[in-house]
>>> print(open('coords_3.txt').read())   # compact mmCIF, C-alpha atoms
# COMPACT_ATOMS: atom_id res chain seq x y z
CA MET A 1 34.93 20.46 151.38
CA LYS A 2 32.84 21.32 154.44
CA GLU A 3 33.42 17.82 155.76
CA GLN A 4 37.16 18.31 155.31
CA ILE A 5 37.02 21.53 157.32
CA GLU A 6 35.24 19.75 160.15
CA LYS A 7 37.81 16.94 160.06
CA LEU A 8 40.59 19.52 160.18
CA TYR A 9 39.23 21.01 163.40
CA GLU A 10 38.64 17.56 164.88
CA LYS A 11 42.19 16.49 164.01
CA TYR A 12 43.69 19.17 166.26
CA LYS A 13 41.21 18.87 169.11
CA ARG A 14 43.87 16.97 171.07
CA GLY A 15 46.85 18.50 169.33
CA ARG A 16 48.52 19.39 172.62
CA LEU A 17 48.84 15.70 173.55
CA LYS A 18 50.45 14.98 170.18
CA ALA A 19 52.83 17.89 170.70
CA VAL A 20 53.84 16.57 174.14
CA ILE A 21 54.49 13.08 172.75
CA ILE A 22 56.64 14.48 169.93
CA CYS A 23 58.40 16.75 172.43
CA VAL A 24 59.32 13.80 174.67
CA ILE A 25 60.52 11.73 171.73
CA ALA A 26 62.63 14.64 170.44
CA TYR A 27 63.99 15.25 173.95
CA PHE A 28 65.29 11.71 174.37
CA ALA A 29 66.49 11.65 170.76
CA MET A 30 68.62 14.73 171.43
CA MET A 31 69.96 13.16 174.62
CA GLY A 32 70.95 10.16 172.52
CA VAL A 33 72.77 12.35 170.03
CA VAL A 34 74.70 14.13 172.78
CA SER A 35 75.52 10.77 174.41
CA MET A 36 77.13 9.63 171.15
CA PHE A 37 79.79 12.27 171.70
CA LEU A 38 79.99 12.64 175.48
CA GLY A 39 79.12 9.15 176.66
CA SER A 40 76.56 8.16 179.29
CA PRO A 41 74.48 11.04 180.63
CA PHE A 42 74.34 9.59 184.15
CA PRO A 43 77.02 8.70 186.73
CA HIS A 44 78.44 5.27 185.95
CA LYS A 45 81.25 2.92 186.92
CA THR A 46 84.39 2.88 184.79
CA GLN A 47 87.57 0.80 184.94
CA ILE A 48 90.79 2.76 185.26
CA LEU A 49 93.74 0.39 185.17
CA PHE A 50 92.95 -2.11 187.92
CA MET A 51 90.54 0.12 189.80
CA GLU A 52 86.83 0.64 189.46
CA THR A 53 85.62 4.19 189.99
CA MET A 54 82.47 6.29 189.57
CA THR A 55 82.48 8.80 186.72
CA ASN A 56 80.06 11.66 186.33
CA GLY A 57 77.81 11.62 183.28
CA TRP A 58 77.46 14.61 181.01
CA VAL A 59 74.26 15.59 182.85
CA ASN A 60 76.48 16.51 185.79
CA THR A 61 79.36 18.01 183.86
CA HIS A 62 77.37 19.70 181.07
CA GLY A 63 74.00 20.35 182.69
CA TYR A 64 73.19 23.12 180.24
CA LEU A 65 72.99 20.50 177.47
CA LEU A 66 70.08 18.85 179.28
CA ILE A 67 68.23 22.18 179.24
CA LEU A 68 69.13 22.68 175.59
CA CYS A 69 67.73 19.22 174.74
CA GLY A 70 64.51 20.20 176.50
CA ILE A 71 64.23 23.47 174.60
CA ILE A 72 64.84 21.72 171.28
CA GLY A 73 62.25 19.10 172.21
CA ILE A 74 59.64 21.79 172.90
CA ILE A 75 60.43 23.59 169.63
CA VAL A 76 60.21 20.36 167.65
CA GLY A 77 56.99 19.31 169.40
CA MET A 78 55.19 22.61 168.88
CA GLY A 79 56.74 23.25 165.50
CA SER A 80 55.75 19.89 164.07
CA ILE A 81 52.09 20.45 164.92
CA LEU A 82 52.07 23.99 163.54
CA TYR A 83 53.83 22.80 160.39
CA GLN A 84 51.18 20.10 159.95
CA ILE A 85 48.41 22.68 160.34
CA LEU A 86 50.02 24.87 157.68
CA TYR A 87 50.42 21.86 155.41
CA ASP A 88 46.75 20.94 155.82
CA PHE A 89 45.70 24.50 155.00
CA GLY A 90 48.02 24.33 152.00
CA GLN A 91 45.71 21.72 150.48
CA PHE A 92 42.86 24.22 150.59
CA ASP A 93 45.11 27.05 149.40
CA LYS A 94 45.67 25.16 146.14
CA ILE A 95 42.09 26.00 145.19
CA LEU A 96 43.13 29.64 145.05
CA LEU A 97 46.80 29.45 144.15
CA GLU A 98 46.65 26.67 141.56
CA GLU A 99 43.04 26.61 140.36
CA CYS A 100 42.48 30.38 140.66
CA ASP A 101 38.96 29.68 141.95
CA THR A 102 38.40 32.65 144.23
CA LYS A 103 34.68 32.00 144.69
CA LYS A 104 35.11 28.41 145.85
CA TYR A 105 38.00 29.39 148.12
CA LEU A 106 35.92 32.14 149.73
CA GLU A 107 33.04 29.74 150.31
CA ILE A 108 35.36 27.23 152.03
CA MET A 109 37.07 29.80 154.25
CA GLU A 110 33.76 31.40 155.13
CA TYR A 111 32.60 28.01 156.39
CA ALA A 112 35.90 27.43 158.21
CA VAL A 113 35.41 30.66 160.17
CA SER A 114 31.71 29.99 160.79
CA TYR A 115 32.39 26.45 162.05
CA GLY A 116 35.26 27.62 164.23
CA THR A 117 33.00 30.23 165.83
CA GLU A 118 30.31 27.67 166.59
CA ILE A 119 32.52 25.08 168.29
CA LYS A 120 34.55 27.50 170.45
CA PRO A 121 38.04 26.20 169.50
CA LYS A 122 40.25 24.53 172.09
CA ASP A 123 43.86 23.47 172.15
CA PHE A 124 45.45 23.64 168.65
CA GLN A 125 42.00 24.24 167.19
CA LYS A 126 42.70 27.86 168.10
CA SER A 127 45.60 27.89 165.63
CA VAL A 128 43.34 26.37 162.97
CA PHE A 129 40.73 29.06 163.66
CA THR A 130 43.32 31.86 163.50
CA LEU A 131 44.57 30.71 160.09
CA ALA A 132 40.98 30.29 158.90
CA LYS A 133 40.25 33.91 159.84
CA GLN A 134 43.33 35.14 158.02
CA ARG A 135 42.53 33.17 154.90
CA TYR A 136 38.91 34.28 154.97
CA VAL A 137 40.08 37.89 154.83
CA LEU A 138 42.53 37.09 152.02
CA ALA A 139 39.73 35.28 150.17
CA LEU A 140 37.56 38.39 150.43
CA MET A 141 40.49 40.40 149.12
CA ALA A 142 40.94 38.00 146.20
CA GLU A 143 37.27 38.54 145.36
CA HIS A 144 37.79 42.34 145.62
CA CYS A 145 35.40 42.56 148.59
CA PHE A 146 37.63 45.13 150.27
CA PRO A 147 35.06 46.94 152.46
CA LYS A 148 33.79 43.59 153.77
CA ALA A 149 37.35 42.42 154.47
CA MET A 150 38.19 45.58 156.42
CA ALA A 151 34.87 45.44 158.29
CA TYR A 152 35.63 41.88 159.38
CA LEU A 153 39.11 42.83 160.54
CA GLN A 154 37.89 45.83 162.48
CA ASN A 155 34.61 44.52 163.92
CA HIS A 156 34.55 40.73 163.90
CA TRP A 157 38.14 39.53 164.27
CA GLN A 158 38.34 37.42 167.43
CA GLY A 159 41.70 37.62 169.14
CA LYS A 160 44.53 40.07 169.54
CA LYS A 161 44.94 42.74 166.90
CA THR A 162 48.55 43.41 167.83
CA THR A 163 49.96 40.23 166.28
CA SER A 164 52.04 40.39 163.11
CA LEU A 165 49.54 38.08 161.40
CA TYR A 166 46.71 40.55 161.95
CA ARG A 167 48.74 43.63 161.07
CA ASN A 168 50.18 42.12 157.89
CA THR A 169 46.77 40.87 156.77
CA ALA A 170 45.21 44.27 157.36
CA LEU A 171 48.03 45.99 155.50
CA SER A 172 47.60 43.66 152.50
CA VAL A 173 43.90 44.49 152.31
CA GLN A 174 44.55 48.23 152.61
CA LEU A 175 47.15 48.08 149.85
CA ALA A 176 44.84 46.15 147.51
CA SER A 177 41.97 48.51 148.26
CA SER A 178 44.00 51.67 147.68
CA PHE A 179 45.27 50.30 144.37
CA GLU A 180 41.75 49.41 143.28
CA ASN A 181 40.75 53.01 144.03
CA ARG A 182 43.90 54.30 142.26
CA ASN A 183 44.86 56.21 145.41
CA GLU A 184 48.55 56.73 144.71
CA GLU A 185 49.37 58.72 147.85
CA GLU A 186 47.76 56.21 150.20
CA PHE A 187 49.26 53.22 148.37
CA VAL A 188 52.81 54.60 148.46
CA GLU A 189 52.50 55.44 152.16
CA LEU A 190 51.22 51.94 152.96
CA TYR A 191 53.86 50.29 150.79
CA GLN A 192 56.63 52.17 152.57
CA THR A 193 55.19 51.01 155.90
CA GLY A 194 55.46 47.36 154.91
CA GLU A 195 58.26 47.56 152.32
CA ILE A 196 60.36 44.84 153.99
CA LEU A 197 57.32 42.57 154.29
CA PHE A 198 56.28 42.99 150.65
CA ARG A 199 59.75 43.10 149.13
CA LYS A 200 59.45 39.45 148.08
CA ASN A 201 56.11 40.11 146.39
CA ARG A 202 57.30 42.35 143.60
CA ILE A 203 53.82 42.67 142.15
CA PHE A 204 53.15 45.25 144.89
CA LEU A 205 56.17 47.21 143.67
CA GLY A 206 54.85 46.91 140.13
CA LYS A 207 51.56 48.39 141.29
CA LYS A 208 53.41 51.23 142.98
CA LEU A 209 55.29 52.04 139.76
CA PHE A 210 52.04 51.86 137.80
CA LEU A 211 50.30 54.35 140.09
CA GLU A 212 53.32 56.66 139.81
CA GLY A 213 52.99 56.54 136.02
CA GLN A 214 56.30 54.70 135.56
CA TYR A 215 54.77 52.18 133.14
CA ALA A 216 57.95 51.19 131.32
CA ASP A 217 59.75 50.55 134.62
CA ALA A 218 56.78 48.51 135.83
CA VAL A 219 56.89 46.39 132.67
CA GLU A 220 60.62 45.76 133.07
CA LEU A 221 60.08 44.71 136.68
CA LEU A 222 57.07 42.50 136.00
CA GLN A 223 58.71 40.77 133.05
CA ASN A 224 61.51 39.55 135.30
CA ILE A 225 59.29 38.11 138.03
CA GLN A 226 59.46 34.34 138.14
CA LYS A 227 56.19 32.46 138.31
CA LYS A 228 55.30 31.26 141.83
CA THR A 229 51.75 30.03 141.43
CA ASN A 230 49.07 30.20 138.77
CA TYR A 231 47.26 32.82 140.84
CA HIS A 232 50.29 35.10 141.00
CA GLU A 233 51.01 34.55 137.32
CA VAL A 234 47.51 35.68 136.36
CA GLN A 235 47.99 38.74 138.56
CA ARG A 236 51.34 39.43 136.89
CA GLN A 237 49.87 39.10 133.40
CA TYR A 238 47.00 41.40 134.28
CA MET A 239 49.33 44.05 135.65
CA LEU A 240 51.44 43.79 132.50
CA ALA A 241 48.33 44.23 130.39
CA MET A 242 47.43 47.40 132.28
CA CYS A 243 50.93 48.78 131.79
CA TYR A 244 51.02 47.92 128.09
CA GLU A 245 47.64 49.56 127.61
CA ALA A 246 48.91 52.71 129.32
CA LEU A 247 51.91 52.64 126.97
CA LYS A 248 49.54 52.27 123.97
CA GLU A 249 51.05 48.88 123.14
CA THR A 250 47.72 47.26 122.39
CA GLN A 251 49.10 44.09 120.83
CA GLN A 252 51.16 43.22 123.91
CA ALA A 253 48.24 44.12 126.16
CA SER A 254 46.02 41.81 124.14
CA ILE A 255 48.40 38.87 124.62
CA CYS A 256 48.40 39.37 128.38
CA MET A 257 44.63 39.83 128.56
CA GLU A 258 44.22 36.62 126.57
CA TYR A 259 46.24 34.79 129.21
CA VAL A 260 44.16 36.27 132.05
CA ALA A 261 40.89 35.38 130.32
CA LYS A 262 42.07 31.82 129.70
CA TYR A 263 43.54 30.97 133.11
CA GLY A 264 41.86 33.41 135.49
CA ASN A 265 38.97 31.03 136.30
CA THR A 266 36.73 32.98 138.75
CA MET A 267 39.21 35.78 139.52
CA PRO A 268 37.64 39.24 139.09
CA CYS A 269 40.35 40.26 136.62
CA ARG A 270 39.27 37.45 134.27
CA TYR A 271 35.91 39.14 133.69
CA VAL A 272 37.66 42.47 133.15
CA ALA A 273 39.96 40.80 130.62
CA GLU A 274 37.03 39.27 128.74
CA GLN A 275 35.30 42.64 128.60
CA TRP A 276 38.52 44.26 127.38
CA LYS A 277 38.84 41.68 124.61
CA ARG A 278 35.28 42.30 123.43
CA GLU A 279 35.92 46.03 123.27
CA ASN A 280 39.33 45.82 121.59
CA THR A 281 38.91 43.06 119.00
>>> encode(input="coords_3.txt", output="C-alpha cells")
Amino acid sequence: MKEQIEKLYEKYKRGRLKAVIICVIAYFAMMGVVSMFLGSPFPHKTQILFMETMTNGWVNTHGYLLILCGIIGIIVGMGSILYQILYDFGQFDKILLEECDTKKYLEIMEYAVSYGTEIKPKDFQKSVFTLAKQRYVLALMAEHCFPKAMAYLQNHWQGKKTTSLYRNTALSVQLASSFENRNEEEFVELYQTGEILFRKNRIFLGKKLFLEGQYADAVELLQNIQKKTNYHEVQRQYMLAMCYEALKETQQASICMEYVAKYGNTMPCRYVAEQWKRENT
C-alpha cells in the first residue's frame, strides 16, 4: 500500500499539464458543438444567388460563446483531474468503508501524510496531500483517537484553516468526541451548527436523539436508514444496540451486537460488542 501511495503522488506531479491538455480538447470540442448549430466560427465566403460574399462566423456575431467554451474547457480540465484524484482515493477508502479495517486505513493515511510532507507537494500533488490530511484525521476519528485528531487539526494541519474541508472535518471530529464523552449540550450545539451538512448522515441525528434520551425515536429513525457502506451499517447497528439496551430490549440489542461483532473487523465498536456479548450471554 505504501508503494501505491507513492505512485499516487507521482501520478499527479505533472497534473497541471494533463489538465491543460484536457482543457484544450474540451475547448475545441465545445466549439465544434456550437458550430453544429451556428455554422463556421470564422468569417467565410458564401454564395447568395449569383454573388459571392463574406459572412461573419459565430465568433464575430456571438463572441460570448467563445468565452463560454473557454470557461467550460477550464472546468472540464480541472474537474477531470480532481475527479480522478477522488476516484483514486476511493480505492483506499474501500479499506474503511467496505472492509471496516480502521487500523489498516489509519496506517495508510498516516503514511500518505508523512510522504506528502517529505516531498513538498507541487502542482496537483497539493490536492492529493490535502485529501490525505483530511482522511488521516477521519481515520483517527474512526479509531476513536479524538484528542490526537484535534491536536493534528489545530497544531499540524498545513494550509488554510478557513476552507470548508477543514471546518467540516473539524466539526465531524468534535461531534464524534462529544458523543463519546456523552456531552449532550455540546453535541446538540455542534449538530445545530452543521445541521445542513450532516442532514444526509442521519446517524448523527440518531446520536442526538440518543443523548436526549429519546431512545424510541432514535430506533425508529435508525431502522429506516438505508445501508450506504458496510462501515456505516456497522455504525447503525451499534447505535441501534445502544438504544435497545437503554429501552431494556436485550434480545434486540443482542441481535445488533452480534452483527457488529461479526462485521466490525477492527472498528472499536466491535471489541465493545464482543465484551457486551460475553457479559450478557
>>> residues_around(input="coords_3.txt", residues="region 260-267 of chain A", least_positions_apart="4", cutoff="8 Å", atoms="all atoms listed in the file", output="ChimeraX atom specification")
/A:99-103,142-143,230-231,234-235,237-238,256,271,273-274
>>> closest_residue(input="coords_3.txt", among="A:Leu8, A:Leu66, A:Leu86, A:Ile225", to="Pro121 (chain A)", atoms="only C-alpha atoms")
A:Leu8
>>> residues_around(input="coords_3.txt", residues="region 87-89 of chain A", least_positions_apart="3", cutoff="9 Å", atoms="all atoms listed in the file", output="PyMOL selection string")
chain A and resi 8+82-84+92-94+128+131-132
>>> residues_around(input="coords_3.txt", residues="region 2-6 of chain A", least_positions_apart="6", cutoff="12 Å", atoms="all atoms listed in the file", output="ChimeraX atom specification")
/A:12-13,85,88-89,91-92,104-105,107-116,118-119,121,125,128-129,132
>>> residues_near_point(input="coords_3.txt", point="(38.1, 46.2, 121.4)", cutoff="12 Å", atoms="all atoms listed in the file", output="list in words")
Glu245, Thr250, Gln251, Ala253, Ser254, Met257, Ala273, Glu274, Gln275, Trp276, Lys277, Arg278, Glu279, Asn280 and Thr281 of chain A
>>> closest_residue(input="coords_3.txt", among="A:Ala170, A:Leu65, A:Met239, A:Leu97", to="Tyr27 (chain A)", atoms="all atoms listed in the file")
A:Leu65
>>> atom_distance(input="coords_3.txt", atom1="CA of Phe204 (chain A)", atom2="CA of Leu190 (chain A)")
10.7 Å
>>> closest_atom_pairs(input="coords_3.txt", of="region 118-229 of chain A", to="region 71-79 of chain A", cutoff="12 Å", atoms="all atoms listed in the file", output="tab-separated table")
residue	atom	partner	partner_atom	distance
A:Asp123	CA	A:Met78	CA	11.8
A:Phe124	CA	A:Met78	CA	9.8
A:Ser127	CA	A:Met78	CA	11.4
>>> closest_residue(input="coords_3.txt", among="A:Val173, A:Ala149, A:Cys269, A:Leu96", to="Tyr136 (chain A)", atoms="all atoms listed in the file")
A:Ala149
